[in-house]
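First the structure, in the form of structure tokens, and then the observations on it.
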Number of protein chains: 2
Amino acid sequence: MKKKTTIYDIAKELNVTVSTVSRALSGFPAISDATRQAVFEAAKKLNYSPNKLASALKSGRTYIIGVIVPSVQAHFFASIIHSIEEGLKNSGYRIILYQSNESVASEINGVKTLLEAQVDGIMASLSLETEDVAHFEEVIKQHKPLILFDRVHEKLKVPTVTLDDFKAGYMATQHLIKQGFKNIAYVTTVHQIRIFNDRLKGYKAALTDNNLPINEEHIIFGGLSIKDGKFGADKLIRSENKPDAIIAADDFTALGVIQKLKEIDEPLPKIGVIGFANEAFSAYITPSLSTIDQHPNQMGAECAKLFLNTMQNKPNQKVNHVVIDPSLVERESTKLKM
Amino acid sequence: MKKKTTIYDIAKELNVTVSTVSRALSGFPAISDATRQAVFEAAKKLNYSPNKLASALKSGRTYIIGVIVPSVQAHFFASIIHSIEEGLKNSGYRIILYQSNESVASEINGVKTLLEAQVDGIMASLSLETEDVAHFEEVIKQHKPLILFDRVHEKLKVPTVTLDDFKAGYMATQHLIKQGFKNIAYVTTVHQIRIFNDRLKGYKAALTDNNLPINEEHIIFGGLSIKDGKFGADKLIRSENKPDAIIAADDFTALGVIQKLKEIDEPLPKIGVIGFANEAFSAYITPSLSTIDQHPNQMGAECAKLFLNTMQNKPNQKVNHVVIDPSLVERESTKLKM
DNA sequence: TTGAAAGCGCTAACAT
DNA sequence: ATGTTAGCGCTTTCAA
């Protein structure tokens with residue numbers, strides 16, 4: 001079991017110094033073509049593989065970006081990760097993934113871990129639990145780029161990539177109204193996350209703009225999941241003023257709503273249902289779920305672009321906020337008129 | 001902008017040497033409690049954060065495991081990753097993710113990249129394209145644990161975690177037969193991946209065991225996707241000997257089959273359909289899709305366990321092959337008798 | 001129980 | 001165009 005080849009081995013092989021080898025390998029211009037070629041050949045011959053760790057330690061750059069998401073199991077986040085990687089391709093940067101599982105404690109640990117791993121920057125989408133964001137201050141203090149996407153926080157003055165969530169909420173509501181629904185309820189999370197608040201605001205604004213009353217009892221604050229959707233739907237259906245449509249703050253919750261409505265034999269889509277995120281299953285359930293597409297691929301691409309720009313040292317640039325336009329995906333679950 | 005705190009700063013603060021600080025921090029026993037406590041206090045006071053890079057360079061261990069999967073967008077792989085992380089929790093190991101996007105070229109690059117990042121080991125599930133696995137030899141040569149899961153390869157003599165795919169194929173077929181289907185077709189990938197071959201073998205064995213003929217024209221070799229499912233279904237329905245049930249090698253393909261059958265007004269579930277993987281959508285489509293659950297969470301947990309065992313240097317242990325038992329998820333798409 | 005010092009593999013300033 | 005050399009921050013052997 002021989003030791004791994006280092007640039008010293010290559011240097012010895014060619015009777016040059018390590019600096020020459022290092023320079024040849026890293027594309028330094030002032031190296032003769034002959035030397036460069038010899039170095040590459042020797043490297044190949046000796047089966048050389050660079051130790052990025054050593055390089056990173058010396059240069060202070062790891063070319064690794066930490067990405068924190070609540071969970072890869074949500075198709076939305078999986079898509080974002082996918083397109084972040086896509087956008088980083090050929091830039092030399094790679095990502096290291098950390099899942100918070102919607103827990104602040106885990107998120108705090110994630111930031112610490114990534115910082116210790118000397119990542120060159122962090123991209124994060126906050127957990128539902130996260131209210132205090134002090135744990136991210138250290139990233140900023142270390143002058144490492146921090147980019148927040150989707151679930152952002154106003155306390156952090158950093159570049160963000162978000163959906164226009166107000167518009168998203170407005171669109172969903174407006175769509176239902178246009179379809180002929182008049183008594184529209186809303187199931188959302190109790191957590192004070194900006195994006196969910198914004199969607200709710202959009203909902204309220206749309207109602208108001210259409211001279212429809214805002215009925216606070218029609219706004220259910222709970223969790224976001226199939227179970228919570230079932231719970232919310234049940235509560236709404238039993239309420240005195242039974243709604244004729246339900247907006248759920250995400251597709252999982254909307255799915256729960258649909259399941260409950262089926263369970264209790266409420267006619268669909270006579271009661272309209274719409275969600276957010278265009279999850280993997282949304283097109284295929286029955287009735288197929290109308291939803292607001294949040295364009296995760298675009299979000300991921302923008303995150304990558306933002307990061308790359310920041311690293312190119314555009315110096316005094318002001319903080320960037322990319323806002324993605326939501327789009328309506330009309331499907332059967334909101335087709336009142338057939 | 002002050003520099004980051006290092007163990008030297010702590011040493012200076014306390015008038016001890018770096019070795020003492022290093023030992024105190026790393027839990028070395030022969031350190032007086034007083035010193036240890038003083039070190040921890042100073043560390044806290046100076047806001048010290050260890051540089052794992054330096055530690056890794058010196059010690060030769062990064063505590064990072066590279067994980068290569070075709071894509072996180074498949075719920076199956078997302079679940080595996082999730083449970084690998086879960087299983088690694090508290091072990092000190094982190095994972096760095098690499099997506100091959102079903103491309104060998106990308107997979108080769110992934111191995112190279114991860115090795116350069118000095119990961120302590122690699123867990124991988126092969127791309128559909130992968131036939132030659134020479135690129136993984138280097139991992140073995142470096143004496144780093146390599147664990148293959150789900151999409152494995154016999155050329156690589158390494159620990160594996162797989163489903164009993166033969167049984168899975170057998171179960172799916174047997175289930176259809178039990179439900180009363182008699183003329184069962186099969187849509188699978190043209191790629192020579194063991195798990196898909198095994199499923200097909202299970203299918204054939206089940207037919208034979210039930211004295212049903214194997215009709216080679218009923219086995220469609222194409223891709224695995226919604227589109228391919230549609231294509232396969234179309235071809236099968238038009239064939240002379242029209243099948244009364246279709247097995248698709250994964251749920252996406254099964255979904256395509258169902259969509260095509262609906263499109264051409266074939267009655268469901270009079271034509272039975274079953275898939276593999278129990279994807280996120282499978283329970284919610286109409287008819288809900290019967291499928292074989294591959295227990296990704298169990299697979300991920302086993303991968304983590306296998307890795308941790310390997311690192312604990314159970315010395316002459318023979319290569320481990322964990323085989324997970326598939327289970328049948330009966331839903332509407334195979335309910336011939338109501 | 002603690003200190004001194006070498007060195008992990010690489011980069012980069014300073015020489016030549 | 002190439003060489004010399006000093007670290008990056010940490011671990012670890014040897015010595016005290």
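Following the order of the structure tokens, first chain is A, next is B, and so on, with residues numbered from 1 inside each chain and ligands from 1 in the order they appear.
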What are the closest atom pairs, with distances in Å to one decimal, for each residue of chain D lying within 10 Å of chain A, using only C-alpha atoms (C1' of nucleotides), rows by chain and rising residue number, as a Markdown table?
| residue | atom | partner | partner_atom | distance |
| --- | --- | --- | --- | --- |
| D:DA1 | C1' | A:Ile31 | CA | 5.8 |
| D:DT2 | C1' | A:Thr20 | CA | 6.5 |
| D:DG3 | C1' | A:Thr17 | CA | 6.7 |
| D:DT4 | C1' | A:Thr17 | CA | 9.2 |
| D:DG7 | C1' | A:Lys58 | CA | 8.2 |
| D:DC8 | C1' | A:Lys58 | CA | 4.3 |
| D:DG9 | C1' | A:Leu57 | CA | 7.9 |
Take the residues from that selection and write them out as a CSV table (one decimal), in the first residue's frame, keeping C-alpha atoms (C1' of nucleotides).
chain,number,residue,atom,x,y,z
D,1,DA,C1',10.3,30.6,-16.7
D,2,DT,C1',11.5,28.5,-12.5
D,3,DG,C1',13.2,28.1,-7.6
D,4,DT,C1',13.0,29.0,-2.5
D,7,DG,C1',3.1,29.2,6.2
D,8,DC,C1',-2.6,27.6,6.2
D,9,DG,C1',-4.5,25.4,11.4
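Every protein or nucleic acid residue with an atom no more than 6 Å from stretch 228-230 of chain B, counting only C-alpha atoms (C1' of nucleotides) and leaving out same-chain residues fewer than 4 positions away, appears here: B:Gly223, B:Leu224, B:Thr253, B:Ala254, B:Gly256, B:Val257, B:Lys260.
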Those selected residues, please, written with C-alpha atoms and delivered as an mmCIF file, in the first residue's frame.
data_model
loop_
_atom_site.group_PDB
_atom_site.id
_atom_site.type_symbol
_atom_site.label_atom_id
_atom_site.label_comp_id
_atom_site.auth_asym_id
_atom_site.auth_seq_id
_atom_site.Cartn_x
_atom_site.Cartn_y
_atom_site.Cartn_z
ATOM 1 C CA GLY B 223 -37.090 3.656 -20.850
ATOM 2 C CA LEU B 224 -38.493 4.404 -17.451
ATOM 3 C CA THR B 253 -43.741 4.289 -15.916
ATOM 4 C CA ALA B 254 -46.844 2.804 -14.329
ATOM 5 C CA GLY B 256 -47.697 6.666 -17.862
ATOM 6 C CA VAL B 257 -49.396 3.363 -18.489
ATOM 7 C CA LYS B 260 -52.458 6.147 -21.709
#
Mind checking DSSP for stretch 126-177 of chain B and telling me the strand (DSSP E) residues as a PyMOL selection string? chain B and resi 146-149+160-163
Could you tell me how far atom CA of B:Glu330 lies from atom CA of B:Ser288, in Å and to one decimal?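 Rounded to one decimal, the two atoms are 9.1 Å apart.
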Sorted per-residue table, chain C near chain A, closest atoms and distance, 12 Å, only C-alpha atoms (C1' of nucleotides), as JSON lines:
{"residue": "C:DC8", "atom": "C1'", "partner": "A:Ala54", "partner_atom": "CA", "distance": 7.9}
{"residue": "C:DG9", "atom": "C1'", "partner": "A:Ala54", "partner_atom": "CA", "distance": 5.0}
{"residue": "C:DC10", "atom": "C1'", "partner": "A:Ser55", "partner_atom": "CA", "distance": 4.8}
{"residue": "C:DT11", "atom": "C1'", "partner": "A:Lys58", "partner_atom": "CA", "distance": 5.9}
{"residue": "C:DA12", "atom": "C1'", "partner": "A:Ser19", "partner_atom": "CA", "distance": 8.9}
{"residue": "C:DA13", "atom": "C1'", "partner": "A:Ser19", "partner_atom": "CA", "distance": 11.8}
Show which residues sit within 9 Å of stretch 331-337 of chain B, as a VMD selection string. Count only C-alpha atoms (C1' of nucleotides), and ignore same-chain residues fewer than 4 positions away. chain B and resid 175 to 176 179 to 181 245 258 268 to 274 283 286 to 291
Up to 8 Å from chain B, what residues of chain A turn up? Count only C-alpha atoms and give them as an MDAnalysis selection string. chainID A and resid 49:54 56:57 71:73 75 78:79 82 95:97 116:118 280:282 284:286
Going by DSSP on the backbone, which residues of stretch 205-253 of chain B come out as helix (DSSP H, G or I)? List them as a ChimeraX atom specification. /B:205-209,216-218,226-238,251-253
Atom CA of A:Lys201 to atom CA of A:His135: how many Å, to one decimal? 28.6 Å
Enter the distance from atom C1' of C:DT16 to atom C1' of D:DT5, in Å, rounded to one decimal.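 If I compute the distance from atom C1' of C:DT16 to atom C1' of D:DT5, I get 13.7 Å.
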Which residues are near B:Ala205? Cut-off 10 Å, only C-alpha atoms (C1' of nucleotides), ignore same chain within fewer than 4 positions. Put them as a ChimeraX atom specification. /B:166-167,169-170,173-174,199-201,209-212,214
Suppose we keep all heavy atoms; can you now write the selection as a compact mmCIF listing (two decimals), in the first residue's frame?
# COMPACT_ATOMS: atom_id res chain seq x y z
N PHE B 166 -35.84 -9.92 -7.23
CA PHE B 166 -36.49 -11.09 -7.80
C PHE B 166 -37.84 -11.31 -7.11
O PHE B 166 -38.89 -11.43 -7.74
CB PHE B 166 -35.61 -12.33 -7.61
CG PHE B 166 -36.24 -13.60 -8.10
CD1 PHE B 166 -36.11 -13.98 -9.43
CD2 PHE B 166 -36.99 -14.40 -7.23
CE1 PHE B 166 -36.70 -15.15 -9.89
CE2 PHE B 166 -37.59 -15.57 -7.69
CZ PHE B 166 -37.44 -15.94 -9.02
N LYS B 167 -37.77 -11.27 -5.81
CA LYS B 167 -39.00 -11.45 -5.02
C LYS B 167 -40.01 -10.34 -5.33
O LYS B 167 -41.21 -10.60 -5.41
CB LYS B 167 -38.63 -11.44 -3.54
CG LYS B 167 -39.78 -11.77 -2.61
CD LYS B 167 -39.28 -12.01 -1.19
CE LYS B 167 -40.43 -12.21 -0.22
NZ LYS B 167 -39.91 -12.32 1.17
N GLY B 169 -40.40 -8.70 -8.11
CA GLY B 169 -41.05 -8.99 -9.39
C GLY B 169 -42.03 -10.15 -9.27
O GLY B 169 -43.12 -10.14 -9.85
N TYR B 170 -41.61 -11.12 -8.51
CA TYR B 170 -42.46 -12.29 -8.29
C TYR B 170 -43.75 -11.89 -7.57
O TYR B 170 -44.86 -12.28 -7.97
CB TYR B 170 -41.69 -13.33 -7.47
CG TYR B 170 -42.30 -14.71 -7.48
CD1 TYR B 170 -41.81 -15.70 -8.34
CD2 TYR B 170 -43.37 -15.04 -6.65
CE1 TYR B 170 -42.36 -16.97 -8.36
CE2 TYR B 170 -43.94 -16.31 -6.66
CZ TYR B 170 -43.43 -17.28 -7.52
OH TYR B 170 -43.98 -18.53 -7.54
N THR B 173 -46.24 -10.00 -9.74
CA THR B 173 -46.89 -10.90 -10.69
C THR B 173 -47.90 -11.81 -9.98
O THR B 173 -49.05 -11.97 -10.43
CB THR B 173 -45.82 -11.75 -11.41
OG1 THR B 173 -44.76 -10.91 -11.82
CG2 THR B 173 -46.42 -12.45 -12.61
N GLN B 174 -47.43 -12.38 -8.90
CA GLN B 174 -48.28 -13.27 -8.13
C GLN B 174 -49.56 -12.54 -7.67
O GLN B 174 -50.66 -13.09 -7.71
CB GLN B 174 -47.49 -13.77 -6.91
CG GLN B 174 -48.18 -14.87 -6.12
CD GLN B 174 -48.28 -16.18 -6.92
OE1 GLN B 174 -47.30 -16.62 -7.52
NE2 GLN B 174 -49.45 -16.77 -6.95
N ARG B 199 -36.12 -8.23 -11.36
CA ARG B 199 -37.58 -8.10 -11.29
C ARG B 199 -38.24 -8.87 -12.42
O ARG B 199 -39.26 -9.53 -12.23
CB ARG B 199 -37.98 -6.62 -11.38
CG ARG B 199 -37.67 -5.86 -10.13
CD ARG B 199 -38.01 -4.39 -10.24
NE ARG B 199 -37.23 -3.66 -9.24
CZ ARG B 199 -37.19 -2.34 -9.14
NH1 ARG B 199 -37.88 -1.58 -9.98
NH2 ARG B 199 -36.47 -1.77 -8.20
N LEU B 200 -37.62 -8.74 -13.58
CA LEU B 200 -38.16 -9.41 -14.75
C LEU B 200 -38.10 -10.93 -14.57
O LEU B 200 -39.04 -11.66 -14.91
CB LEU B 200 -37.36 -8.98 -15.99
CG LEU B 200 -37.88 -9.46 -17.34
CD1 LEU B 200 -39.31 -8.95 -17.58
CD2 LEU B 200 -36.98 -8.97 -18.47
N LYS B 201 -37.00 -11.38 -14.00
CA LYS B 201 -36.86 -12.82 -13.74
C LYS B 201 -37.94 -13.29 -12.78
O LYS B 201 -38.51 -14.38 -12.93
CB LYS B 201 -35.49 -13.12 -13.13
CG LYS B 201 -34.37 -13.18 -14.14
CD LYS B 201 -33.06 -13.58 -13.45
CE LYS B 201 -31.86 -13.18 -14.29
NZ LYS B 201 -30.62 -13.10 -13.47
N ASP B 209 -44.45 -20.62 -12.58
CA ASP B 209 -44.97 -21.35 -11.41
C ASP B 209 -46.50 -21.46 -11.44
O ASP B 209 -47.08 -22.34 -10.81
CB ASP B 209 -44.57 -20.65 -10.11
CG ASP B 209 -43.10 -20.86 -9.82
OD1 ASP B 209 -42.43 -21.57 -10.60
OD2 ASP B 209 -42.60 -20.30 -8.82
N ASN B 210 -47.12 -20.57 -12.16
CA ASN B 210 -48.57 -20.62 -12.25
C ASN B 210 -49.05 -21.21 -13.58
O ASN B 210 -50.20 -21.03 -13.97
CB ASN B 210 -49.15 -19.22 -12.07
CG ASN B 210 -49.11 -18.76 -10.62
OD1 ASN B 210 -49.99 -19.07 -9.84
ND2 ASN B 210 -48.05 -18.02 -10.27
N ASN B 211 -48.13 -21.83 -14.25
CA ASN B 211 -48.46 -22.45 -15.54
C ASN B 211 -49.00 -21.46 -16.56
O ASN B 211 -49.86 -21.79 -17.36
CB ASN B 211 -49.46 -23.59 -15.36
CG ASN B 211 -48.87 -24.68 -14.50
OD1 ASN B 211 -47.75 -25.11 -14.73
ND2 ASN B 211 -49.62 -25.11 -13.49
N LEU B 212 -48.49 -20.27 -16.48
CA LEU B 212 -48.88 -19.29 -17.49
C LEU B 212 -47.72 -19.14 -18.47
O LEU B 212 -46.55 -19.24 -18.08
CB LEU B 212 -49.18 -17.95 -16.83
CG LEU B 212 -50.47 -17.91 -15.99
CD1 LEU B 212 -50.57 -16.59 -15.22
CD2 LEU B 212 -51.70 -18.10 -16.89
N ILE B 214 -44.94 -17.54 -20.99
CA ILE B 214 -44.18 -16.29 -21.08
C ILE B 214 -44.22 -15.84 -22.52
O ILE B 214 -43.74 -16.52 -23.43
CB ILE B 214 -42.73 -16.50 -20.64
CG1 ILE B 214 -42.69 -16.84 -19.14
CG2 ILE B 214 -41.89 -15.26 -20.93
CD1 ILE B 214 -41.35 -17.35 -18.67
Name all residues at most 6 Å from B:Gly275 (count only C-alpha atoms (C1' of nucleotides); drop same-chain ones fewer than 4 positions away) and give them as a PyMOL selection string. chain B and resi 247-251+254+291
